[in-house]
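K.L.:
File structure-v2.pdb below, PDB, C-alpha atoms:
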ATOM      1  CA  MET D   1     129.384  78.103  11.097
ATOM      2  CA  LEU D   2     131.426  75.732  13.269
ATOM      3  CA  VAL D   3     133.050  78.638  15.118
ATOM      4  CA  SER D   4     129.620  80.222  15.645
ATOM      5  CA  LEU D   5     128.345  76.920  17.059
ATOM      6  CA  VAL D   6     131.244  76.751  19.520
ATOM      7  CA  LEU D   7     130.615  80.366  20.530
ATOM      8  CA  GLY D   8     126.930  79.620  21.093
ATOM      9  CA  LEU D   9     127.757  76.622  23.292
ATOM     10  CA  ALA D  10     130.181  78.707  25.339
ATOM     11  CA  VAL D  11     127.603  81.459  25.850
ATOM     12  CA  ALA D  12     124.957  78.877  26.796
ATOM     13  CA  ILE D  13     127.200  77.604  29.611
ATOM     14  CA  GLU D  14     128.709  80.902  30.740
ATOM     15  CA  THR D  15     125.626  83.144  30.850
ATOM     16  CA  PRO D  16     123.386  81.263  33.326
ATOM     17  CA  THR D  17     126.426  80.421  35.458
ATOM     18  CA  ARG D  18     127.416  84.086  35.650
ATOM     19  CA  GLN D  19     123.855  85.189  36.385
ATOM     20  CA  ALA D  20     123.469  82.679  39.218
ATOM     21  CA  PHE D  21     126.940  83.549  40.524
ATOM     22  CA  LEU D  22     125.963  87.204  40.817
ATOM     23  CA  LEU D  23     124.145  86.651  44.108
ATOM     24  CA  GLU D  24     127.316  85.076  45.517
ATOM     25  CA  LEU D  25     129.099  88.365  44.849
ATOM     26  CA  VAL D  26     126.469  90.737  46.270
ATOM     27  CA  ALA D  27     125.685  88.419  49.230
ATOM     28  CA  SER D  28     122.162  89.797  49.748
ATOM     29  CA  LYS D  29     118.971  89.541  47.700
ATOM     30  CA  GLN D  30     118.207  93.140  48.636
ATOM     31  CA  ASP D  31     121.133  94.297  46.494
ATOM     32  CA  LEU D  32     120.283  91.971  43.612
ATOM     33  CA  PRO D  33     118.153  94.434  41.555
ATOM     34  CA  ASN D  34     120.943  97.015  41.576
ATOM     35  CA  ALA D  35     123.603  94.399  40.855
ATOM     36  CA  ILE D  36     121.702  93.069  37.832
ATOM     37  CA  ALA D  37     121.021  96.602  36.600
ATOM     38  CA  LEU D  38     124.696  97.574  36.950
ATOM     39  CA  GLN D  39     125.761  94.419  35.146
ATOM     40  CA  SER D  40     123.349  95.299  32.341
ATOM     41  CA  THR D  41     124.696  98.855  32.347
ATOM     42  CA  MET D  42     128.201  97.603  31.610
ATOM     43  CA  PHE D  43     126.878  95.284  28.922
ATOM     44  CA  ASN D  44     124.876  97.998  27.196
ATOM     45  CA  ALA D  45     127.581 100.602  27.551
ATOM     46  CA  ALA D  46     129.649  98.252  25.409
ATOM     47  CA  ARG D  47     126.727  97.928  22.989
ATOM     48  CA  LEU D  48     126.548 101.709  22.763
ATOM     49  CA  VAL D  49     130.249 102.385  22.253
ATOM     50  CA  GLY D  50     131.314  99.196  20.449
ATOM     51  CA  PRO D  51     129.092  99.241  17.346
ATOM     52  CA  THR D  52     129.633 102.963  16.848
ATOM     53  CA  LEU D  53     133.417 102.530  16.891
ATOM     54  CA  ALA D  54     133.139  99.365  14.821
ATOM     55  CA  GLY D  55     131.418 101.263  12.020
ATOM     56  CA  PHE D  56     134.394 103.571  11.686
ATOM     57  CA  ILE D  57     136.940 100.749  12.095
ATOM     58  CA  VAL D  58     135.261  98.701   9.350
ATOM     59  CA  ALA D  59     135.287 101.694   7.034
ATOM     60  CA  ALA D  60     138.971 102.366   7.712
ATOM     61  CA  PHE D  61     140.556  98.930   8.258
ATOM     62  CA  GLY D  62     138.020  96.189   7.505
ATOM     63  CA  GLU D  63     136.038  93.657   9.530
ATOM     64  CA  ALA D  64     138.987  91.514  10.631
ATOM     65  CA  TRP D  65     140.300  94.169  13.001
ATOM     66  CA  CYS D  66     136.907  94.381  14.721
ATOM     67  CA  PHE D  67     136.929  90.661  15.499
ATOM     68  CA  THR D  68     140.565  90.824  16.620
ATOM     69  CA  LEU D  69     140.013  93.708  19.034
ATOM     70  CA  ASN D  70     136.868  92.039  20.391
ATOM     71  CA  ALA D  71     138.780  88.814  21.044
ATOM     72  CA  LEU D  72     141.565  90.683  22.867
ATOM     73  CA  SER D  73     139.016  92.422  25.100
ATOM     74  CA  TYR D  74     138.119  89.078  26.682
ATOM     75  CA  LEU D  75     141.554  88.909  28.289
ATOM     76  CA  GLY D  76     140.392  91.597  30.704
ATOM     77  CA  ILE D  77     137.317  89.527  31.599
ATOM     78  CA  VAL D  78     139.447  86.455  32.290
ATOM     79  CA  ALA D  79     141.767  88.513  34.502
ATOM     80  CA  ALA D  80     138.796  89.863  36.466
ATOM     81  CA  TYR D  81     137.425  86.381  37.152
ATOM     82  CA  LEU D  82     140.841  85.156  38.265
ATOM     83  CA  ALA D  83     140.949  87.998  40.809
ATOM     84  CA  ILE D  84     137.553  87.157  42.374
ATOM     85  CA  ARG D  85     137.626  85.434  45.759
ATOM     86  CA  VAL D  86     134.427  84.088  47.332
ATOM     87  CA  ALA D  87     133.868  81.743  50.242
ATOM     88  CA  PRO D  88     133.128  78.175  49.067
ATOM     89  CA  ARG D  89     129.676  76.814  49.834
ATOM     90  CA  ALA D  90     128.823  73.184  50.417
ATOM     91  CA  PRO D  91     125.949  71.822  48.307
ATOM     92  CA  ARG D  92     122.668  71.476  50.183
ATOM     93  CA  ARG D  93     121.969  68.025  48.837
ATOM     94  CA  ALA D  94     123.450  65.384  46.599
ATOM     95  CA  PRO D  95     122.893  66.182  42.903
ATOM     96  CA  ALA D  96     120.331  64.102  41.052
ATOM     97  CA  ARG D  97     120.442  62.975  37.447
ATOM     98  CA  LEU D  98     120.711  65.716  34.827
ATOM     99  CA  LEU D  99     117.262  65.212  33.301
ATOM    100  CA  VAL D 100     115.659  65.109  36.740
ATOM    101  CA  GLU D 101     117.354  68.385  37.688
ATOM    102  CA  LEU D 102     116.257  70.028  34.430
ATOM    103  CA  ALA D 103     112.702  68.803  34.849
ATOM    104  CA  ALA D 104     112.559  70.328  38.355
ATOM    105  CA  GLY D 105     113.568  73.698  36.957
ATOM    106  CA  PHE D 106     110.933  73.606  34.224
ATOM    107  CA  ARG D 107     108.268  72.489  36.704
ATOM    108  CA  TRP D 108     109.027  75.457  38.928
ATOM    109  CA  VAL D 109     109.032  78.018  36.111
ATOM    110  CA  PHE D 110     105.904  76.832  34.321
ATOM    111  CA  GLY D 111     104.088  75.685  37.459
ATOM    112  CA  LEU D 112     104.201  79.139  39.077
ATOM    113  CA  MET D 113     101.853  81.472  37.213
ATOM    114  CA  PRO D 114     103.821  84.730  37.701
ATOM    115  CA  ALA D 115     107.047  83.106  36.490
ATOM    116  CA  ARG D 116     105.273  81.401  33.589
ATOM    117  CA  ARG D 117     103.755  84.639  32.314
ATOM    118  CA  LEU D 118     107.073  86.461  32.614
ATOM    119  CA  ILE D 119     108.883  83.773  30.629
ATOM    120  CA  LEU D 120     106.221  83.774  27.904
ATOM    121  CA  LEU D 121     106.268  87.573  27.652
ATOM    122  CA  ILE D 122     110.064  87.857  27.527
ATOM    123  CA  GLY D 123     110.090  85.128  24.883
ATOM    124  CA  ALA D 124     107.712  87.237  22.791
ATOM    125  CA  VAL D 125     109.808  90.366  23.379
ATOM    126  CA  SER D 126     112.958  88.534  22.283
ATOM    127  CA  PHE D 127     111.331  86.932  19.230
ATOM    128  CA  PHE D 128     109.593  90.010  17.865
ATOM    129  CA  SER D 129     112.306  92.560  18.666
ATOM    130  CA  ALA D 130     115.087  90.429  17.152
ATOM    131  CA  PRO D 131     114.881  91.481  13.448
ATOM    132  CA  TRP D 132     116.119  95.014  14.028
ATOM    133  CA  GLN D 133     119.727  93.822  14.092
ATOM    134  CA  PRO D 134     119.954  91.479  11.057
ATOM    135  CA  LEU D 135     117.752  93.765   8.938
ATOM    136  CA  MET D 136     119.539  96.939  10.017
ATOM    137  CA  PRO D 137     122.184  96.818   7.235
ATOM    138  CA  ILE D 138     119.395  96.679   4.643
ATOM    139  CA  VAL D 139     117.622  99.634   6.216
ATOM    140  CA  ALA D 140     120.840 101.654   6.552
ATOM    141  CA  ALA D 141     121.879 101.061   2.950
ATOM    142  CA  GLU D 142     118.615 100.971   1.005
ATOM    143  CA  ARG D 143     116.320 103.316   2.906
ATOM    144  CA  PHE D 144     118.800 105.888   4.157
ATOM    145  CA  GLY D 145     121.587 105.485   1.585
ATOM    146  CA  GLY D 146     124.212 105.083   4.286
ATOM    147  CA  ASP D 147     127.380 103.055   4.813
ATOM    148  CA  SER D 148     129.006 101.238   7.735
ATOM    149  CA  ARG D 149     129.157 104.478   9.723
ATOM    150  CA  THR D 150     125.406 104.943   9.352
ATOM    151  CA  LEU D 151     124.921 101.351  10.494
ATOM    152  CA  GLY D 152     127.134 101.943  13.516
ATOM    153  CA  LEU D 153     125.193 105.054  14.493
ATOM    154  CA  LEU D 154     121.831 103.270  14.184
ATOM    155  CA  ILE D 155     123.003 100.349  16.300
ATOM    156  CA  GLY D 156     124.519 102.818  18.744
ATOM    157  CA  ALA D 157     121.105 104.490  19.053
ATOM    158  CA  VAL D 158     119.641 101.166  20.207
ATOM    159  CA  GLY D 159     122.503 100.761  22.663
ATOM    160  CA  GLY D 160     121.955 104.289  23.957
ATOM    161  CA  GLY D 161     118.336 103.522  24.775
ATOM    162  CA  ALA D 162     119.361 100.247  26.385
ATOM    163  CA  LEU D 163     121.923 102.076  28.503
ATOM    164  CA  CYS D 164     119.235 104.500  29.700
ATOM    165  CA  GLY D 165     117.060 101.509  30.594
ATOM    166  CA  THR D 166     119.738  99.891  32.707
ATOM    167  CA  LEU D 167     120.588 103.177  34.439
ATOM    168  CA  PHE D 168     116.900 103.590  35.229
ATOM    169  CA  LEU D 169     116.836 100.140  36.831
ATOM    170  CA  ALA D 170     120.097 100.744  38.677
ATOM    171  CA  LEU D 171     118.506 103.723  40.442
ATOM    172  CA  ARG D 172     115.665 101.583  41.797
ATOM    173  CA  SER D 173     116.009 100.425  45.384
ATOM    174  CA  SER D 174     113.561  97.497  45.371
ATOM    175  CA  VAL D 175     112.262  94.673  43.221
ATOM    176  CA  LEU D 176     108.713  95.708  44.121
ATOM    177  CA  GLY D 177     106.914  97.408  41.261
ATOM    178  CA  LEU D 178     108.986  95.825  38.496
ATOM    179  CA  GLY D 179     105.846  94.234  37.044
ATOM    180  CA  ARG D 180     104.666  97.661  35.893
ATOM    181  CA  VAL D 181     108.112  98.321  34.445
ATOM    182  CA  ILE D 182     107.972  95.077  32.453
ATOM    183  CA  ALA D 183     104.511  95.850  31.092
ATOM    184  CA  GLY D 184     105.438  99.398  30.075
ATOM    185  CA  ALA D 185     108.857  98.467  28.705
ATOM    186  CA  SER D 186     107.458  95.667  26.527
ATOM    187  CA  LEU D 187     104.880  98.040  25.070
ATOM    188  CA  ALA D 188     107.571 100.695  24.532
ATOM    189  CA  ALA D 189     109.731  98.185  22.634
ATOM    190  CA  GLY D 190     106.878  97.468  20.236
ATOM    191  CA  ILE D 191     106.217 101.179  19.745
ATOM    192  CA  GLY D 192     109.901 101.888  19.103
ATOM    193  CA  LEU D 193     110.204  99.093  16.548
ATOM    194  CA  THR D 194     107.048 100.219  14.739
ATOM    195  CA  LEU D 195     108.253 103.814  14.679
ATOM    196  CA  PHE D 196     111.605 102.733  13.268
ATOM    197  CA  ALA D 197     109.899 100.650  10.574
ATOM    198  CA  THR D 198     107.686 103.513   9.405
ATOM    199  CA  ALA D 199     110.198 106.373   9.772
ATOM    200  CA  PRO D 200     110.787 108.110   6.420
ATOM    201  CA  TRP D 201     113.880 109.967   7.661
ATOM    202  CA  LEU D 202     117.036 108.915   9.447
ATOM    203  CA  THR D 203     116.416 111.408  12.259
ATOM    204  CA  LEU D 204     112.994 109.969  13.020
ATOM    205  CA  ALA D 205     114.375 106.418  12.890
ATOM    206  CA  ALA D 206     117.017 107.459  15.404
ATOM    207  CA  VAL D 207     114.188 108.519  17.731
ATOM    208  CA  GLY D 208     112.441 105.137  17.618
ATOM    209  CA  LEU D 209     115.562 103.022  18.125
ATOM    210  CA  PRO D 210     116.427 104.251  21.651
ATOM    211  CA  VAL D 211     112.826 103.531  22.683
ATOM    212  CA  LEU D 212     113.269  99.989  21.340
ATOM    213  CA  GLY D 213     116.569  99.521  23.171
ATOM    214  CA  PHE D 214     115.161 100.893  26.413
ATOM    215  CA  GLY D 215     112.121  98.633  26.258
ATOM    216  CA  VAL D 216     113.927  95.388  25.461
ATOM    217  CA  ILE D 217     116.617  95.789  28.103
ATOM    218  CA  ALA D 218     114.301  97.136  30.804
ATOM    219  CA  ALA D 219     111.877  94.249  30.274
ATOM    220  CA  GLY D 220     114.641  91.650  30.114
ATOM    221  CA  ALA D 221     116.609  92.883  33.131
ATOM    222  CA  SER D 222     113.445  93.339  35.224
ATOM    223  CA  THR D 223     112.296  89.812  34.416
ATOM    224  CA  ASN D 224     115.736  88.509  35.325
ATOM    225  CA  THR D 225     115.623  90.380  38.640
ATOM    226  CA  ILE D 226     112.201  89.040  39.621
ATOM    227  CA  LEU D 227     113.044  85.459  38.701
ATOM    228  CA  GLN D 228     116.340  85.518  40.609
ATOM    229  CA  THR D 229     114.611  87.060  43.616
ATOM    230  CA  ILE D 230     111.744  84.578  43.909
ATOM    231  CA  ALA D 231     113.554  81.420  42.760
ATOM    232  CA  GLU D 232     114.422  78.811  45.346
ATOM    233  CA  GLU D 233     118.130  78.875  46.048
ATOM    234  CA  ASP D 234     118.902  75.383  44.776
ATOM    235  CA  LEU D 235     116.869  76.052  41.607
ATOM    236  CA  ARG D 236     118.193  79.521  40.785
ATOM    237  CA  ALA D 237     120.813  78.465  38.234
ATOM    238  CA  ARG D 238     118.300  76.291  36.385
ATOM    239  CA  VAL D 239     115.666  79.019  36.442
ATOM    240  CA  ILE D 240     118.133  81.533  35.026
ATOM    241  CA  ALA D 241     119.255  78.987  32.436
ATOM    242  CA  ILE D 242     115.631  78.725  31.268
ATOM    243  CA  TYR D 243     115.368  82.524  31.225
ATOM    244  CA  VAL D 244     118.568  82.842  29.193
ATOM    245  CA  THR D 245     117.431  80.090  26.819
ATOM    246  CA  VAL D 246     114.193  81.958  26.160
ATOM    247  CA  PHE D 247     115.622  85.496  26.106
ATOM    248  CA  LEU D 248     118.639  84.695  23.942
ATOM    249  CA  GLY D 249     117.315  81.604  22.157
ATOM    250  CA  MET D 250     114.128  83.137  20.751
ATOM    251  CA  SER D 251     116.093  85.964  19.148
ATOM    252  CA  PRO D 252     117.751  83.925  16.354
ATOM    253  CA  MET D 253     114.444  82.166  15.711
ATOM    254  CA  GLY D 254     112.738  85.522  15.303
ATOM    255  CA  SER D 255     115.515  86.683  12.999
ATOM    256  CA  PHE D 256     115.287  83.491  10.924
ATOM    257  CA  VAL D 257     111.552  83.913  10.383
ATOM    258  CA  ALA D 258     111.963  87.629   9.728
ATOM    259  CA  GLY D 259     114.550  86.940   7.039
ATOM    260  CA  ALA D 260     112.138  84.663   5.200
ATOM    261  CA  VAL D 261     109.301  87.170   5.536
ATOM    262  CA  ALA D 262     111.537  90.037   4.397
ATOM    263  CA  GLU D 263     112.280  88.130   1.178
ATOM    264  CA  LEU D 264     108.545  88.284   0.403
ATOM    265  CA  VAL D 265     107.395  91.688   1.674
ATOM    266  CA  GLY D 266     110.617  93.606   2.337
ATOM    267  CA  ALA D 267     112.489  94.633   5.480
ATOM    268  CA  ARG D 268     110.291  97.636   6.272
ATOM    269  CA  TRP D 269     106.977  95.763   6.377
ATOM    270  CA  THR D 270     108.564  92.875   8.254
ATOM    271  CA  LEU D 271     109.747  95.220  11.005
ATOM    272  CA  PHE D 272     106.337  96.904  11.032
ATOM    273  CA  ALA D 273     104.514  93.576  11.468
ATOM    274  CA  TYR D 274     106.894  92.470  14.214
ATOM    275  CA  GLY D 275     106.385  95.769  16.033
ATOM    276  CA  LEU D 276     102.602  95.367  15.958
ATOM    277  CA  ALA D 277     102.893  91.763  17.174
ATOM    278  CA  LEU D 278     105.113  92.849  20.049
ATOM    279  CA  MET D 279     102.634  95.522  21.100
ATOM    280  CA  ALA D 280      99.835  92.929  20.990
ATOM    281  CA  CYS D 281     101.780  90.566  23.290
ATOM    282  CA  ALA D 282     102.474  93.409  25.713
ATOM    283  CA  ALA D 283      98.774  94.329  25.665
ATOM    284  CA  LEU D 284      97.852  90.752  26.617
ATOM    285  CA  PHE D 285     100.166  90.929  29.620
ATOM    286  CA  VAL D 286      98.695  94.290  30.620
ATOM    287  CA  ARG D 287      95.168  92.869  30.309
ATOM    288  CA  GLY D 288      95.974  90.133  32.837
ATOM    289  CA  TYR D 289      98.184  92.319  35.010
ATOM    290  CA  GLY D 290      95.695  92.482  37.884
ATOM    291  CA  VAL D 291      95.687  88.707  38.348
ATOM    292  CA  TRP D 292      99.461  88.543  37.916
ATOM    293  CA  ARG D 293      99.918  91.304  40.489
ATOM    294  CA  LEU D 294      97.852  89.481  43.117
ATOM    295  CA  ALA D 295      99.790  86.258  42.523
ATOM    296  CA  MET D 296     103.112  88.088  42.872
ATOM    297  CA  ARG D 297     101.914  89.733  46.077
ATOM    298  CA  GLU D 298     101.230  86.276  47.490
ATOM    299  CA  VAL D 299     104.719  85.092  46.503
ATOM    300  CA  TYR D 300     106.361  88.139  48.072
ATOM    301  CA  GLY D 301     104.225  87.664  51.164
ATOM    302  CA  ARG D 302     105.511  84.119  51.643
ATOM    303  CA  MET D 303     109.043  85.500  51.347
ATOM    304  CA  GLY D 304     108.368  88.183  53.945
ATOM    305  CA  MET D 305     108.922  91.005  51.459
ATOM    306  CA  VAL D 306     105.460  92.550  51.911
ATOM    307  CA  ALA D 307     103.241  92.795  54.953
ATOM    308  CA  GLY D 308      99.593  91.793  54.675
ATOM    309  CA  PRO D 309      97.311  91.354  51.687
ATOM    310  CA  ARG D 310      97.439  95.068  50.860
ATOM    311  CA  GLY D 311     101.208  95.290  50.601
ATOM    312  CA  PRO D 312     102.993  96.611  47.510
ATOM    313  CA  ASP D 313     102.673  94.594  44.333
ATOM    314  CA  GLY D 314     105.323  93.053  42.109
TER     315      GLY D 314
END
Can you turn what I pasted into structure tokens?

P.N.:
Amino acid sequence: MLVSLVLGLAVAIETPTRQAFLLELVASKQDLPNAIALQSTMFNAARLVGPTLAGFIVAAFGEAWCFTLNALSYLGIVAAYLAIRVAPRAPRRAPARLLVELAAGFRWVFGLMPARRLILLIGAVSFFSAPWQPLMPIVAAERFGGDSRTLGLLIGAVGGGALCGTLFLALRSSVLGLGRVIAGASLAAGIGLTLFATAPWLTLAAVGLPVLGFGVIAAGASTNTILQTIAEEDLRARVIAIYVTVFLGMSPMGSFVAGAVAELVGARWTLFAYGLALMACAALFVRGYGVWRLAMREVYGRMGMVAGPRGPDG
């Protein structure tokens, strides 16, 4: 538990820093959607290949080798960061106190309606999609009579859908129109989770899981792209920190609640209820999409990204 706490603290510091640093590497906001999508592609390619290989490694050599190989893989990441060279930038203003800086970030996120709705929706997506991973071993063993290889294949199916989602976003040339992607992807995630929960056969379950993976990653990466695009430059790291806190932080909370519910009604009905709840949250966003779209158009207009009141939406 102590090691997991240290890992969580490290991720909490590294993730928003890396996300905010991404714009330093691509130099232009116009390339940001593709950069975020490509970053997500690498992440989800690992999610696709890693768990599938891990299932076979666990069966052959045990869990310890999986952790060892994963730890060694970080040496490559450290080497890559050491090789990066970017021009230093002077701060625009003197830093204020920590709590004041944090409060400014929260005021921006929750004071701007489009950003507020995106954060609330991605929090719901993270919370209600979370149980698929901790409950997956139960489903693989009890419902489908499988072993670690079955578990690896099921998790790999989620990663495959997520990889398709990131490739889809990487092919987009503009941030405009991502609001529709978020609405559709959130609804797709709920449908995929519900289909997985009700699937009587392994083949059918393997159909629902890629839909779930596609929806979660497409919604998360699109939200990240919009927030990084519209955030004020000196607030971007704090805005992304709030996004990461919600997107990653709601997941263990959702899993914790799901574990308690699964003790009472079983894993299958827990996943089914979470899938329905996720679809309901997506439907609420879709219901208010017209107002959200107009607000985003105004934001993009102030940034010079659209021309006139009838320009493309967000």

K.L.:
Mind running stretch 100-157 of chain D against stretch 290-300 of chain D at 10 Å and telling me each contacting residue's nearest atom pair with the distance in Å (one decimal), counting only C-alpha atoms, chain and number ascending, as JSON lines?

P.N.:
{"residue": "D:Leu112", "atom": "CA", "partner": "D:Ala295", "partner_atom": "CA", "distance": 9.1}
{"residue": "D:Met113", "atom": "CA", "partner": "D:Ala295", "partner_atom": "CA", "distance": 7.4}
{"residue": "D:Pro114", "atom": "CA", "partner": "D:Trp292", "partner_atom": "CA", "distance": 5.8}
{"residue": "D:Ala115", "atom": "CA", "partner": "D:Met296", "partner_atom": "CA", "distance": 9.0}
{"residue": "D:Arg117", "atom": "CA", "partner": "D:Trp292", "partner_atom": "CA", "distance": 8.1}
{"residue": "D:Leu118", "atom": "CA", "partner": "D:Trp292", "partner_atom": "CA", "distance": 9.5}

K.L.:
I need the residue nearest D:Ser255 from this list: D:Phe56, D:Phe106, D:Phe61, D:Trp132. Use all atoms listed in the file for the distance.

P.N.:
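Among the listed residues, D:Trp132 lies closest to D:Ser255.
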
K.L.:
Mind giving me the straight-line distance from atom CA of D:Gly192 to atom CA of D:Ala124 in Å, one decimal?

P.N.:
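Between atom CA of D:Gly192 and atom CA of D:Ala124 the gap is 15.3 Å.
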
K.L.:
What does the distance between atom CA of D:Ala205 and atom CA of D:Leu154 come to in Å, to one decimal place?

P.N.:
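Computing the Euclidean distance for atom CA of D:Ala205 and atom CA of D:Leu154 yields 8.2 Å.
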
K.L.:
Using the chain letters and residue numbers of this document, give as a PyMOL selection string the residues selected by the PyMOL selection byres ((chain D and resi 258-264) around 10).

P.N.:
chain D and resi 127-128+130-132+134-135+252-257+265-271+273-274

K.L.:
Using only C-alpha atoms, which of the listed residues (D:Val109, D:Cys281, D:Ala157, D:Met42) sits closest to D:Ala185?

P.N.:
D:Cys281

K.L.:
Expressed in Å to a single decimal, how great is the separation between atom CA of D:Val216 and atom CA of D:Ile57?

P.N.:
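Computing it gives 27.1 Å between the two atoms.
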
K.L.:
Quick check on the file I pasted: which residues fall under the PyMOL selection byres ((chain D and resi 233) around 12)? Write them as a PyMOL selection string.

P.N.:
chain D and resi 20-21+23-24+29+91-93+105+227-232+234-240

K.L.:
Pick from D:Ser173, D:Thr245, D:Thr225, D:Ser251: nearest to D:Glu14, with only C-alpha atoms counted?

P.N.:
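Counting only C-alpha atoms, the residue closest to D:Glu14 is D:Thr245.
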
K.L.:
Could you check the closest approach to D:Ala282 for each of D:Gly160, D:Gly146, D:Gly190, D:Gly123 and tell me which residue wins, using all atoms listed in the file?

P.N.:
D:Gly190

K.L.:
Given the choices D:Thr198, D:Ser148, D:Thr203, D:Ser186, which gets closest to D:Ala60 if the distance is worked out from all atoms listed in the file?

P.N.:
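Result for the nearest residue to D:Ala60: D:Ser148.
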
K.L.:
Taking the file as shown, find all residues satisfying the PyMOL selection byres ((chain D and resi 158) around 8) and write them as a list of chain:residue names.

P.N.:
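Against this file, the PyMOL selection byres ((chain D and resi 158) around 8) returns the residues D:Leu48, D:Leu154, D:Ile155, D:Gly156, D:Ala157, D:Gly159, D:Gly160, D:Gly161, D:Ala162, D:Leu209, D:Pro210, D:Val211, D:Leu212, D:Gly213, D:Phe214.
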
K.L.:
Check the smallest atom-to-atom distance from each of D:Phe168, D:Phe110, D:Trp201, D:Tyr81 to D:Gly145 using all atoms listed in the file, then report the winner.

P.N.:
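Ranking D:Phe168, D:Phe110, D:Trp201, D:Tyr81 by distance to D:Gly145, first place goes to D:Trp201.
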
K.L.:
Can you rebuild stretch 162-180 of chain D with N, CA and C atoms and give it as a PDB file, in the frame of the given file?

P.N.:
ATOM      1  N   ALA D 162     119.165 101.351  25.442  1.00  0.00           N
ATOM      2  CA  ALA D 162     119.361 100.247  26.385  1.00  0.00           C
ATOM      3  C   ALA D 162     120.146 100.706  27.602  1.00  0.00           C
ATOM      4  N   LEU D 163     121.139 101.559  27.383  1.00  0.00           N
ATOM      5  CA  LEU D 163     121.923 102.076  28.503  1.00  0.00           C
ATOM      6  C   LEU D 163     121.050 102.913  29.438  1.00  0.00           C
ATOM      7  N   CYS D 164     120.161 103.725  28.867  1.00  0.00           N
ATOM      8  CA  CYS D 164     119.235 104.500  29.700  1.00  0.00           C
ATOM      9  C   CYS D 164     118.323 103.570  30.503  1.00  0.00           C
ATOM     10  N   GLY D 165     117.907 102.469  29.895  1.00  0.00           N
ATOM     11  CA  GLY D 165     117.060 101.509  30.594  1.00  0.00           C
ATOM     12  C   GLY D 165     117.761 100.883  31.781  1.00  0.00           C
ATOM     13  N   THR D 166     119.009 100.513  31.607  1.00  0.00           N
ATOM     14  CA  THR D 166     119.738  99.891  32.707  1.00  0.00           C
ATOM     15  C   THR D 166     120.067 100.903  33.803  1.00  0.00           C
ATOM     16  N   LEU D 167     120.357 102.154  33.426  1.00  0.00           N
ATOM     17  CA  LEU D 167     120.588 103.177  34.439  1.00  0.00           C
ATOM     18  C   LEU D 167     119.313 103.444  35.236  1.00  0.00           C
ATOM     19  N   PHE D 168     118.180 103.423  34.552  1.00  0.00           N
ATOM     20  CA  PHE D 168     116.900 103.590  35.229  1.00  0.00           C
ATOM     21  C   PHE D 168     116.689 102.486  36.261  1.00  0.00           C
ATOM     22  N   LEU D 169     117.005 101.246  35.894  1.00  0.00           N
ATOM     23  CA  LEU D 169     116.836 100.140  36.831  1.00  0.00           C
ATOM     24  C   LEU D 169     117.860 100.196  37.958  1.00  0.00           C
ATOM     25  N   ALA D 170     119.061 100.673  37.652  1.00  0.00           N
ATOM     26  CA  ALA D 170     120.097 100.744  38.677  1.00  0.00           C
ATOM     27  C   ALA D 170     119.733 101.735  39.773  1.00  0.00           C
ATOM     28  N   LEU D 171     118.906 102.722  39.453  1.00  0.00           N
ATOM     29  CA  LEU D 171     118.506 103.723  40.442  1.00  0.00           C
ATOM     30  C   LEU D 171     117.367 103.238  41.332  1.00  0.00           C
ATOM     31  N   ARG D 172     116.748 102.117  40.976  1.00  0.00           N
ATOM     32  CA  ARG D 172     115.665 101.583  41.797  1.00  0.00           C
ATOM     33  C   ARG D 172     116.252 100.896  43.033  1.00  0.00           C
ATOM     34  N   SER D 173     115.518 100.990  44.135  1.00  0.00           N
ATOM     35  CA  SER D 173     116.009 100.425  45.384  1.00  0.00           C
ATOM     36  C   SER D 173     115.325  99.123  45.761  1.00  0.00           C
ATOM     37  N   SER D 174     114.314  98.693  44.993  1.00  0.00           N
ATOM     38  CA  SER D 174     113.561  97.497  45.371  1.00  0.00           C
ATOM     39  C   SER D 174     113.060  96.778  44.134  1.00  0.00           C
ATOM     40  N   VAL D 175     112.840  95.469  44.297  1.00  0.00           N
ATOM     41  CA  VAL D 175     112.262  94.673  43.221  1.00  0.00           C
ATOM     42  C   VAL D 175     110.761  94.924  43.100  1.00  0.00           C
ATOM     43  N   LEU D 176     110.153  95.461  44.139  1.00  0.00           N
ATOM     44  CA  LEU D 176     108.713  95.708  44.121  1.00  0.00           C
ATOM     45  C   LEU D 176     108.374  96.752  43.065  1.00  0.00           C
ATOM     46  N   GLY D 177     107.335  96.490  42.304  1.00  0.00           N
ATOM     47  CA  GLY D 177     106.914  97.408  41.261  1.00  0.00           C
ATOM     48  C   GLY D 177     107.507  97.124  39.897  1.00  0.00           C
ATOM     49  N   LEU D 178     108.366  96.119  39.788  1.00  0.00           N
ATOM     50  CA  LEU D 178     108.986  95.825  38.496  1.00  0.00           C
ATOM     51  C   LEU D 178     107.985  95.256  37.493  1.00  0.00           C
ATOM     52  N   GLY D 179     106.861  94.728  37.973  1.00  0.00           N
ATOM     53  CA  GLY D 179     105.846  94.234  37.044  1.00  0.00           C
ATOM     54  C   GLY D 179     105.335  95.334  36.144  1.00  0.00           C
ATOM     55  N   ARG D 180     105.104  96.525  36.706  1.00  0.00           N
ATOM     56  CA  ARG D 180     104.666  97.661  35.893  1.00  0.00           C
ATOM     57  C   ARG D 180     105.751  98.077  34.907  1.00  0.00           C
TER      58      ARG D 180
END
